[in-house]
$ cat coords12.txt   # compact mmCIF, C-alpha atoms
# COMPACT_ATOMS: atom_id res chain seq x y z
CA MET A 11 -60.02 3.37 152.32
CA PHE A 12 -63.77 3.71 152.64
CA THR A 13 -65.98 0.64 152.56
CA ILE A 14 -69.39 0.12 150.99
CA LYS A 15 -71.83 -2.43 152.36
CA GLU A 16 -74.73 -1.88 149.94
CA LEU A 17 -75.00 -0.03 146.64
CA ALA A 18 -78.09 1.79 145.40
CA GLN A 19 -78.49 3.26 141.94
CA PRO A 20 -81.76 5.19 142.15
CA ASP A 21 -83.75 6.33 139.13
CA THR A 22 -84.96 9.62 140.61
CA LEU A 23 -83.46 12.34 142.79
CA THR A 24 -86.26 11.94 145.34
CA GLU A 25 -85.46 8.25 145.66
CA ALA A 26 -81.79 9.10 146.01
CA TYR A 27 -82.52 11.63 148.76
CA ASN A 28 -84.73 9.18 150.67
CA LEU A 29 -82.01 6.56 150.51
CA LEU A 30 -79.43 9.09 151.70
CA ILE A 31 -81.36 10.14 154.80
CA ALA A 32 -82.54 6.62 155.66
CA LYS A 33 -79.42 5.93 157.72
CA LYS A 34 -76.74 8.10 159.29
CA ASN A 35 -73.85 6.45 157.46
CA ASN A 36 -75.44 6.33 154.03
CA ALA A 37 -73.56 8.54 151.59
CA VAL A 38 -73.74 9.88 148.06
CA LEU A 39 -70.88 8.92 145.76
CA GLY A 40 -69.44 11.83 143.81
CA GLY A 41 -66.17 11.38 141.96
CA CYS A 42 -64.79 9.56 145.05
CA ALA A 43 -61.28 10.98 144.60
CA PHE A 44 -61.37 12.68 147.98
CA LEU A 45 -63.62 10.14 149.66
CA ARG A 46 -61.10 7.39 148.93
CA MET A 47 -58.49 9.08 151.09
CA GLY A 48 -60.63 8.55 154.18
CA SER A 49 -61.82 5.37 155.91
CA TYR A 50 -65.54 6.11 156.11
CA PRO A 51 -67.69 2.96 156.45
CA ILE A 52 -70.67 3.55 154.14
CA ALA A 53 -73.79 1.48 154.84
CA THR A 54 -75.56 2.27 151.57
CA ALA A 55 -73.70 4.15 148.88
CA VAL A 56 -76.04 6.19 146.69
CA ASP A 57 -74.69 6.32 143.16
CA LEU A 58 -76.17 9.04 140.95
CA THR A 59 -74.88 7.84 137.60
CA LYS A 60 -78.33 6.73 136.38
CA LEU A 61 -79.83 10.19 136.94
CA ASN A 62 -78.33 11.83 133.84
CA LEU A 63 -76.69 14.58 135.85
CA SER A 64 -73.65 14.84 133.63
CA PHE A 65 -74.34 17.78 131.34
CA ILE A 66 -73.55 21.40 130.52
CA ARG A 67 -76.55 23.08 128.89
CA GLU A 68 -76.96 26.55 127.56
CA ALA A 69 -80.32 28.35 127.47
CA ASP A 70 -81.04 31.94 126.46
CA ASP A 71 -80.30 33.44 129.85
CA TYR A 72 -78.44 30.82 131.86
CA ILE A 73 -75.97 27.95 131.77
CA GLU A 74 -76.87 24.80 133.69
CA ILE A 75 -74.27 22.32 134.95
CA GLY A 76 -75.25 18.88 136.25
CA ALA A 77 -73.79 17.62 139.50
CA MET A 78 -72.06 14.60 137.95
CA THR A 79 -70.26 16.68 135.33
CA THR A 80 -66.52 16.18 135.65
CA PHE A 81 -63.92 18.91 135.89
CA ARG A 82 -62.53 17.76 132.55
CA GLU A 83 -65.92 18.29 130.93
CA ILE A 84 -65.97 21.82 132.38
CA GLU A 85 -62.45 22.42 131.07
CA VAL A 86 -63.15 21.42 127.48
CA SER A 87 -66.73 22.69 127.23
CA PRO A 88 -67.04 25.19 124.32
CA ILE A 89 -70.00 26.80 126.13
CA LEU A 90 -67.94 27.53 129.23
CA GLN A 91 -64.78 28.40 127.32
CA GLN A 92 -66.71 31.13 125.59
CA TYR A 93 -68.47 32.51 128.65
CA ALA A 94 -66.88 35.07 130.98
CA ASN A 95 -63.44 34.77 129.42
CA GLY A 96 -63.46 31.04 130.15
CA VAL A 97 -63.10 31.62 133.87
CA LEU A 98 -64.50 28.22 134.90
CA PRO A 99 -62.32 26.13 132.53
CA LYS A 100 -59.32 28.20 133.65
CA ALA A 101 -60.10 27.61 137.32
CA VAL A 102 -60.42 23.82 137.05
CA SER A 103 -57.52 23.40 134.62
CA HIS A 104 -55.13 23.85 137.57
CA VAL A 105 -56.48 20.81 139.42
CA LEU A 106 -53.85 18.03 139.18
CA GLY A 107 -53.78 16.28 135.78
CA VAL A 108 -56.29 15.46 133.04
CA GLN A 109 -56.78 11.94 134.42
CA PHE A 110 -57.80 13.32 137.81
CA ARG A 111 -60.08 15.93 136.29
CA SER A 112 -61.83 13.13 134.37
CA VAL A 113 -62.84 11.68 137.73
CA VAL A 114 -63.79 14.51 140.09
CA THR A 115 -67.31 15.89 139.85
CA VAL A 116 -68.71 19.37 140.19
CA GLY A 117 -71.48 18.41 142.60
CA ALA A 118 -69.25 16.70 145.14
CA SER A 119 -66.70 19.53 145.11
CA VAL A 120 -69.28 22.25 145.64
CA TYR A 121 -71.47 20.36 148.08
CA ALA A 122 -68.48 19.49 150.28
CA LYS A 123 -67.52 23.19 150.45
CA TYR A 124 -63.85 22.29 150.23
CA GLY A 125 -61.69 25.19 151.35
CA PHE A 126 -59.10 24.36 148.69
CA SER A 127 -61.64 24.37 145.87
CA ASP A 128 -60.72 26.27 142.72
CA LEU A 129 -64.19 25.80 141.28
CA ILE A 130 -66.14 27.32 144.20
CA THR A 131 -64.13 30.56 144.05
CA ALA A 132 -64.85 31.01 140.34
CA LEU A 133 -68.53 30.11 140.76
CA LEU A 134 -68.88 32.59 143.62
CA ALA A 135 -67.54 35.39 141.45
CA LEU A 136 -70.07 34.40 138.77
CA ASN A 137 -72.82 34.68 141.40
CA ALA A 138 -73.86 31.10 140.66
CA GLU A 139 -76.89 29.38 142.15
CA ILE A 140 -77.16 25.78 143.22
CA GLU A 141 -80.10 23.42 143.54
CA LEU A 142 -80.48 20.96 146.39
CA VAL A 143 -83.07 18.19 146.36
CA GLN A 144 -84.43 19.14 149.78
CA GLY A 145 -83.05 22.64 150.28
CA GLY A 146 -84.17 23.96 146.88
CA ARG A 147 -82.50 26.60 144.78
CA MET A 148 -80.33 29.29 146.37
CA ARG A 149 -77.28 31.41 145.72
CA LEU A 150 -74.00 29.58 146.20
CA ALA A 151 -72.87 32.31 148.60
CA GLU A 152 -75.91 31.60 150.78
CA PHE A 153 -75.33 27.84 150.64
CA LEU A 154 -71.71 28.26 151.77
CA GLU A 155 -72.87 30.14 154.86
CA LYS A 156 -75.35 27.45 155.93
CA PRO A 157 -74.37 24.50 158.12
CA LEU A 158 -73.88 21.28 156.18
CA THR A 159 -76.99 19.09 156.15
CA LYS A 160 -77.66 15.80 154.40
CA ASP A 161 -78.86 16.75 150.97
CA ILE A 162 -77.99 16.20 147.32
CA LEU A 163 -76.75 18.96 145.06
CA SER A 164 -78.30 18.30 141.67
CA ARG A 165 -77.25 21.22 139.48
CA ILE A 166 -75.61 24.61 139.25
CA TRP A 167 -77.05 27.63 137.44
CA ILE A 168 -75.07 30.52 136.03
CA ARG A 169 -77.01 33.51 134.78
CA LYS A 170 -75.67 34.56 131.38
CA LEU A 171 -74.67 38.20 131.44
CA GLU A 172 -72.18 40.38 129.59
CA CYS A 173 -69.39 39.52 131.94
CA ARG A 174 -65.62 39.92 132.08
CA ALA A 175 -63.75 37.67 134.44
CA SER A 176 -60.33 36.67 135.70
CA TYR A 177 -59.14 33.74 137.81
CA GLN A 178 -55.83 33.83 139.68
CA THR A 179 -54.21 31.13 141.78
CA LEU A 180 -51.06 30.69 143.80
CA ARG A 181 -49.63 27.18 144.21
CA MET A 182 -46.39 25.87 145.63
CA SER A 183 -46.15 23.55 142.64
CA ALA A 184 -48.26 23.07 139.54
CA SER A 185 -50.22 20.06 140.78
CA ASP A 186 -50.55 21.04 144.45
CA TYR A 187 -53.65 22.36 146.19
CA PRO A 188 -53.93 26.15 145.91
CA LEU A 189 -52.28 28.20 148.60
CA LEU A 190 -54.68 30.98 147.68
CA ASN A 191 -57.01 31.73 144.80
CA ALA A 192 -59.13 34.65 143.65
CA ALA A 193 -61.74 35.36 141.00
CA VAL A 194 -63.04 38.72 139.87
CA THR A 195 -65.97 39.47 137.57
CA GLN A 196 -67.32 42.70 136.15
CA THR A 197 -70.88 42.83 134.80
CA GLY A 198 -71.62 46.34 133.66
CA SER A 199 -70.77 48.50 136.65
CA HIS A 200 -71.17 45.61 139.09
CA TRP A 201 -68.03 43.91 140.36
CA LEU A 202 -67.80 40.71 142.36
CA VAL A 203 -64.59 39.51 144.02
CA ALA A 204 -64.17 36.07 145.62
CA VAL A 205 -61.14 34.73 147.47
CA GLY A 206 -60.64 31.06 148.33
CA ALA A 207 -58.14 28.66 149.91
CA ARG A 208 -57.65 31.17 152.73
CA PRO A 209 -57.42 28.18 153.66
CA ARG A 210 -61.06 28.34 154.70
CA LYS A 211 -63.85 28.03 152.16
CA ALA A 212 -64.11 30.79 149.59
CA ALA A 213 -65.90 34.01 150.41
CA ILE A 214 -66.98 37.14 148.60
CA ALA A 215 -64.99 40.26 149.45
CA GLN A 216 -68.13 42.36 150.02
CA GLN A 217 -66.47 45.68 150.78
CA LEU A 218 -64.12 45.46 147.84
CA SER A 219 -66.92 44.40 145.48
CA ALA A 220 -68.99 47.41 146.63
CA ALA A 221 -66.04 49.79 146.36
CA LEU A 222 -65.21 48.66 142.83
CA SER A 223 -68.86 48.88 141.78
CA ALA A 224 -69.10 52.44 143.09
CA SER A 225 -65.92 53.73 141.47
CA LYS A 226 -64.48 54.52 138.12
CA ILE A 227 -61.34 52.46 138.37
CA ASP A 228 -57.99 53.32 136.96
CA LEU A 229 -54.88 51.20 137.13
CA GLU A 230 -53.11 53.48 139.61
CA GLN A 231 -55.73 52.75 142.27
CA LEU A 232 -55.18 49.00 142.27
CA ASP A 233 -53.13 49.00 145.49
CA PHE A 234 -55.92 50.82 147.27
CA PHE A 235 -58.54 48.30 146.13
CA ALA A 236 -56.36 45.27 146.79
CA ASN A 237 -55.83 46.44 150.37
CA ILE A 238 -59.57 46.47 151.00
CA ALA A 239 -59.89 42.72 150.31
CA SER A 240 -56.85 41.75 152.32
CA GLU A 241 -58.16 43.75 155.30
CA GLU A 242 -61.80 42.62 155.20
CA LEU A 243 -61.23 38.87 154.79
CA SER A 244 -59.85 36.51 157.40
CA PHE A 245 -56.91 34.25 156.58
CA GLY A 246 -55.53 31.19 158.33
CA THR A 247 -52.33 29.22 158.56
CA ASN A 248 -51.73 25.67 157.36
CA ALA A 249 -48.84 23.60 155.98
CA ARG A 250 -48.85 25.59 152.74
CA GLY A 251 -48.59 29.08 154.15
CA THR A 252 -49.19 31.43 157.04
CA ALA A 253 -52.11 33.80 157.43
CA GLN A 254 -49.69 36.72 157.06
CA TYR A 255 -48.34 35.36 153.77
CA ARG A 256 -51.85 34.73 152.45
CA ARG A 257 -52.94 38.25 153.38
CA ALA A 258 -49.95 39.70 151.52
CA MET A 259 -50.45 37.49 148.47
CA CYS A 260 -54.17 38.24 148.39
CA LYS A 261 -53.31 41.80 147.41
CA VAL A 262 -51.16 40.52 144.54
CA LEU A 263 -53.79 38.14 143.16
CA ILE A 264 -56.56 40.72 143.44
CA LYS A 265 -54.47 43.36 141.66
CA ARG A 266 -53.67 40.94 138.86
CA ALA A 267 -57.29 39.89 138.54
CA ILE A 268 -58.71 43.44 138.46
CA LYS A 269 -56.06 44.46 135.95
CA GLU A 270 -56.86 41.46 133.75
CA VAL A 271 -60.58 42.21 133.89
CA LEU A 272 -59.98 45.84 132.92
CA MET A 273 -57.86 44.72 129.98
CA CYS A 274 -60.05 41.91 128.67
CA GLU A 275 -63.05 42.03 126.40
CA SER A 276 -66.45 41.08 127.74
CA VAL A 277 -67.93 37.81 126.54
CA MET B 12 -71.66 -7.49 141.44
CA ARG B 13 -70.97 -8.55 137.88
CA ILE B 14 -70.03 -5.94 135.30
CA SER B 15 -69.46 -6.23 131.58
CA VAL B 16 -66.71 -4.13 130.07
CA THR B 17 -64.82 -4.08 126.83
CA ILE B 18 -61.14 -4.23 127.67
CA ASN B 19 -58.80 -3.75 124.73
CA ASP B 20 -61.53 -4.68 122.23
CA LYS B 21 -62.54 -7.79 124.13
CA MET B 22 -65.79 -8.13 126.10
CA VAL B 23 -65.02 -9.22 129.65
CA HIS B 24 -67.27 -9.97 132.62
CA LEU B 25 -65.80 -9.05 135.99
CA ASP B 26 -67.04 -9.77 139.49
CA VAL B 27 -66.27 -6.70 141.54
CA GLU B 28 -66.98 -5.47 145.06
CA PHE B 29 -68.98 -2.26 145.48
CA ASP B 30 -65.93 -0.53 146.98
CA GLU B 31 -63.36 -2.00 144.59
CA PHE B 32 -61.48 0.40 142.37
CA LEU B 33 -60.86 -0.19 138.68
CA ALA B 34 -57.08 -0.43 139.11
CA ASP B 35 -57.47 -3.35 141.53
CA ALA B 36 -60.10 -5.05 139.40
CA LEU B 37 -57.88 -4.82 136.30
CA ARG B 38 -54.81 -6.09 138.14
CA LYS B 39 -56.83 -9.02 139.49
CA HIS B 40 -57.68 -9.76 135.88
CA GLY B 41 -54.01 -9.85 134.89
CA PHE B 42 -53.37 -6.30 133.67
CA PHE B 43 -50.20 -5.77 135.66
CA SER B 44 -49.17 -2.76 133.57
CA ILE B 45 -51.45 -0.79 135.85
CA ARG B 46 -49.39 0.46 138.78
CA LYS B 47 -50.42 2.12 141.99
CA GLY B 48 -47.96 4.72 143.15
CA CYS B 49 -49.47 7.28 145.46
CA ASP B 50 -52.85 6.52 147.09
CA THR B 51 -53.71 10.22 146.76
CA SER B 52 -54.74 10.32 143.07
CA CYS B 53 -51.77 12.45 142.08
CA CYS B 54 -49.12 10.26 140.39
CA GLY B 55 -50.86 9.14 137.15
CA LEU B 56 -49.26 5.68 137.21
CA CYS B 57 -52.61 3.93 136.99
CA THR B 58 -53.82 5.86 133.91
CA VAL B 59 -56.05 3.91 131.54
CA TRP B 60 -58.56 5.18 128.99
CA VAL B 61 -62.23 4.95 129.85
CA ASP B 62 -64.24 5.47 126.67
CA GLY B 63 -61.08 6.94 125.15
CA ARG B 64 -60.38 9.45 127.93
CA PRO B 65 -57.33 9.20 130.19
CA THR B 66 -58.62 8.38 133.66
CA LEU B 67 -57.11 7.43 137.02
CA SER B 68 -58.13 3.81 137.45
CA CYS B 69 -57.18 4.03 141.14
CA SER B 70 -59.97 6.54 141.71
CA VAL B 71 -62.83 5.12 139.66
CA LEU B 72 -65.06 2.58 141.33
CA ALA B 73 -65.08 -0.55 139.18
CA PHE B 74 -68.88 -0.87 139.05
CA ARG B 75 -69.02 2.55 137.36
CA VAL B 76 -67.31 1.28 134.20
CA ASP B 77 -70.06 -1.26 133.55
CA GLY B 78 -70.82 -1.10 129.82
CA LYS B 79 -67.83 1.09 129.05
CA THR B 80 -64.69 0.60 127.00
CA ILE B 81 -61.35 0.34 128.78
CA THR B 82 -58.01 0.62 127.06
CA THR B 83 -54.81 -0.32 128.84
CA ILE B 84 -51.32 -0.12 127.42
CA GLU B 85 -51.67 -3.74 126.25
CA GLY B 86 -54.38 -2.50 123.87
CA VAL B 87 -52.17 0.08 122.18
CA GLN B 88 -49.00 -1.97 122.09
CA GLN B 89 -47.72 -0.82 118.72
CA GLU B 90 -47.99 2.92 119.41
CA ALA B 91 -46.70 2.38 122.94
CA GLU B 92 -43.59 0.60 121.68
CA GLN B 93 -42.93 3.30 119.13
CA PHE B 94 -43.04 6.02 121.78
CA ALA B 95 -41.18 3.93 124.37
CA GLN B 96 -38.23 3.61 121.98
CA ILE B 97 -38.00 7.37 121.66
CA LEU B 98 -38.37 7.69 125.42
CA ALA B 99 -35.46 5.32 125.99
CA ALA B 100 -33.32 6.98 123.31
CA GLU B 101 -33.77 10.32 125.05
CA GLY B 102 -32.68 8.89 128.41
CA ALA B 103 -36.14 9.51 129.79
CA GLU B 104 -36.66 6.05 131.22
CA GLN B 105 -34.87 4.54 134.19
CA CYS B 106 -36.87 2.29 136.48
CA GLY B 107 -39.85 2.30 134.11
CA PHE B 108 -42.41 2.12 136.89
CA CYS B 109 -44.24 5.23 135.71
CA SER B 110 -43.94 4.46 131.99
CA PRO B 111 -47.27 2.69 131.29
CA GLY B 112 -49.33 5.51 132.81
CA PHE B 113 -47.15 8.16 131.22
CA ILE B 114 -47.35 6.56 127.79
CA MET B 115 -51.15 6.23 128.01
CA THR B 116 -51.40 9.95 128.76
CA VAL B 117 -49.06 10.90 125.90
CA LEU B 118 -51.01 8.75 123.43
CA ALA B 119 -54.27 10.33 124.64
CA MET B 120 -52.75 13.77 124.19
CA LYS B 121 -51.71 12.91 120.63
CA LYS B 122 -55.31 12.01 119.82
CA GLU B 123 -56.74 15.09 121.52
CA LEU B 124 -54.40 17.97 120.71
CA THR B 125 -53.20 19.04 117.30
CA GLN B 126 -49.63 20.34 117.29
CA PRO B 127 -49.59 21.24 120.97
CA THR B 128 -47.21 23.91 122.21
CA GLU B 129 -44.58 23.10 124.84
CA GLU B 130 -46.79 24.78 127.42
CA GLN B 131 -49.79 22.65 126.41
CA ILE B 132 -47.70 19.48 126.55
CA ILE B 133 -46.44 20.27 130.04
CA HIS B 134 -49.94 21.15 131.20
CA TYR B 135 -51.43 17.94 129.79
CA LEU B 136 -48.76 15.82 131.46
CA THR B 137 -48.89 17.53 134.87
CA GLY B 138 -50.70 14.54 136.34
CA ASN B 139 -47.88 12.08 135.60
CA LEU B 140 -45.04 12.01 138.07
CA CYS B 141 -41.60 10.50 137.43
CA ARG B 142 -39.12 10.33 140.28
CA CYS B 143 -36.10 9.04 138.31
CA THR B 144 -35.37 11.06 135.26
CA GLY B 145 -36.61 14.57 135.69
CA TYR B 146 -38.83 15.83 132.94
CA MET B 147 -36.61 17.32 130.24
CA GLY B 148 -35.89 13.97 128.60
CA GLN B 149 -39.59 13.16 128.62
CA LEU B 150 -40.40 16.51 127.05
CA ARG B 151 -37.83 15.97 124.29
CA ALA B 152 -39.23 12.51 123.63
CA VAL B 153 -42.81 13.75 123.50
CA LYS B 154 -41.91 16.53 121.08
CA MET B 155 -40.10 14.08 118.82
CA TYR B 156 -42.98 11.62 118.95
CA LEU B 157 -45.45 14.32 118.02
CA GLY B 158 -43.40 15.09 114.97
CA GLY B 159 -41.44 18.13 115.99
CA THR B 160 -37.84 18.40 116.97
CA ALA B 161 -36.66 18.23 120.56

$ encode --input "coords12.txt" --output "structure tokens"
Amino acid sequence: MFTIKELAQPDTLTEAYNLLIAKKNNAVLGGCAFLRMGSYPIATAVDLTKLNLSFIREADDYIEIGAMTTFREIEVSPILQQYANGVLPKAVSHVLGVQFRSVVTVGASVYAKYGFSDLITALLALNAEIELVQGGRMRLAEFLEKPLTKDILSRIWIRKLECRASYQTLRMSASDYPLLNAAVTQTGSHWLVAVGARPRKAAIAQQLSAALSASKIDLEQLDFFANIASEELSFGTNARGTAQYRRAMCKVLIKRAIKEVLMCESV
Amino acid sequence: MRISVTINDKMVHLDVEFDEFLADALRKHGFFSIRKGCDTSCCGLCTVWVDGRPTLSCSVLAFRVDGKTITTIEGVQQEAEQFAQILAAEGAEQCGFCSPGFIMTVLAMKKELTQPTEEQIIHYLTGNLCRCTGYMGQLRAVKMYLGGTA
């Protein structure tokens, strides 16, 4: 179990960031569900609950999600249920039970770049952007490539486009971590495919996304496209499955996702 | 630090440590219906309602519920008893260790979902583990409680 020596509840993000970097073992508290499984001794815990970062807002051309928004709030949000075939609510609805999803927060999950994350895979396929207090605003894909630095993720931005989407996941049991997950979006002629829980952090299948965007796709070509992703991405082995198994199942999830996108109506 | 919370319609002041979780704080205050079963946030035994929403009390830091409303099974005794009787009649209760958390989730589901399908019921209850009975008896009991037939 982690320990907390001092607690700070700052009123501004700048104050929160300054507190975070003041000492090596100061830490931001997210939902704490994952943090509690470790034994990290925190000198000053920076709690963001006074910063009003729990929100899902819709503007004309984007949707904004605050870092302290819980997975449950994502799951039941009418805004997100209606956007991109509800891909974000679908992705998080697989994470354990409702009680757990009422605890875990968007910001902590994305900032930590968890390899097993369902949310990151779906956000990647939506080409989401994130905002860091120090690092500023950038594409999520770019953030995932950068080394982890001490910063605070404050919000996530999703550009609202006519988008069709599908989320697929493979789990050994309903409430387990994903063995593999995939999300596919189609915006006009532009396709974006993301694969996560490889078990490394999620990544965009660049070659497949380009190939889909450049083609007129019919259902008989799905094997061809699915092979591109399984060849271009790297897969690893852990207790849940081997790299070989993941590579094979990647084809299945991608085929299902592309097929679902082709069949569904854009929202 | 001192927090003020409404527990089962009663305002209570609790002295909690910064790193103390709600489940421990509530048990220290005499709410022994709250069980801890897994240490990995996956069993649902410690489920209470925070502002009406089912929440894992083992994973919420106690200071974060300052000013909020907590409901434990003691606060919904009548409904809990009604469902527990159905649960027992369906052979879905053996050791009873998971029952308080399970019942709190079922009562929350009843408030939240209107005429849920079997699939929705199973999905809503995924976060509650029972290692005695299997889940078919529980499913029958939930369906009966919600007004359908098992």

$ residues_around --input "coords12.txt" --residues "Asp57 (chain A)" --least-positions-apart "5" --cutoff "7 Å" --atoms "all atoms listed in the file" --output "list of chain:residue names"
A:Ala18, A:Gln19, A:Val38, A:Leu39

$ interface_residues --input "coords12.txt" --of "chain A" --to "chain B" --cutoff "7 Å" --atoms "only C-alpha atoms" --output "list in words"
Thr13, Ile14, Leu17, Cys42, Ala43, Met47, Leu106, Gly107, Val108, Gln109, Phe110, Ser112, Val113 and Ser185 of chain A

$ residues_around --input "coords12.txt" --residues "Arg13 (chain B)" --least-positions-apart "2" --cutoff "8 Å" --atoms "all atoms listed in the file" --output "list in words"
Ser15, His24, Leu25, Asp26 and Val27 of chain B

$ residues_around --input "coords12.txt" --residues "region 197-201 of chain A" --least-positions-apart "6" --cutoff "9 Å" --atoms "only C-alpha atoms" --output "ChimeraX atom specification"
/A:135,171-175,218-226,276

$ residues_around --input "coords12.txt" --residues "region 85-101 of chain B" --least-positions-apart "6" --cutoff "8 Å" --atoms "only C-alpha atoms" --output "count of residues only"
14

$ build_atoms --input "coords12.txt" --residues "region 103-120 of chain B" --atoms "N, CA and C atoms" --output "compact mmCIF listing (two decimals), keeping the file's coordinate frame"
# COMPACT_ATOMS: atom_id res chain seq x y z
N ALA B 103 -35.02 9.09 128.95
CA ALA B 103 -36.14 9.51 129.79
C ALA B 103 -36.80 8.33 130.48
N GLU B 104 -36.10 7.21 130.55
CA GLU B 104 -36.66 6.05 131.22
C GLU B 104 -35.58 5.39 132.06
N GLN B 105 -35.84 5.25 133.34
CA GLN B 105 -34.87 4.54 134.19
C GLN B 105 -35.54 3.32 134.80
N CYS B 106 -36.27 3.49 135.87
CA CYS B 106 -36.87 2.29 136.48
C CYS B 106 -38.08 1.81 135.70
N GLY B 107 -38.73 2.69 134.97
CA GLY B 107 -39.85 2.30 134.11
C GLY B 107 -41.18 2.13 134.82
N PHE B 108 -41.19 2.36 136.14
CA PHE B 108 -42.41 2.12 136.89
C PHE B 108 -43.55 3.05 136.45
N CYS B 109 -43.19 4.27 136.09
CA CYS B 109 -44.24 5.23 135.71
C CYS B 109 -44.58 5.16 134.22
N SER B 110 -43.81 4.40 133.45
CA SER B 110 -43.94 4.46 131.99
C SER B 110 -45.32 4.10 131.44
N PRO B 111 -45.97 3.01 131.90
CA PRO B 111 -47.27 2.69 131.29
C PRO B 111 -48.29 3.83 131.41
N GLY B 112 -48.38 4.40 132.60
CA GLY B 112 -49.33 5.51 132.81
C GLY B 112 -48.94 6.73 132.00
N PHE B 113 -47.64 7.01 131.98
CA PHE B 113 -47.15 8.16 131.22
C PHE B 113 -47.43 7.98 129.73
N ILE B 114 -47.14 6.81 129.22
CA ILE B 114 -47.35 6.56 127.79
C ILE B 114 -48.83 6.66 127.43
N MET B 115 -49.70 6.13 128.29
CA MET B 115 -51.15 6.23 128.01
C MET B 115 -51.60 7.69 127.94
N THR B 116 -51.01 8.53 128.78
CA THR B 116 -51.40 9.95 128.76
C THR B 116 -50.87 10.63 127.50
N VAL B 117 -49.63 10.30 127.12
CA VAL B 117 -49.06 10.90 125.90
C VAL B 117 -49.86 10.48 124.67
N LEU B 118 -50.23 9.20 124.60
CA LEU B 118 -51.01 8.75 123.43
C LEU B 118 -52.39 9.42 123.40
N ALA B 119 -52.96 9.63 124.58
CA ALA B 119 -54.27 10.33 124.64
C ALA B 119 -54.11 11.77 124.17
N MET B 120 -53.01 12.38 124.59
CA MET B 120 -52.75 13.77 124.19
C MET B 120 -52.61 13.88 122.67
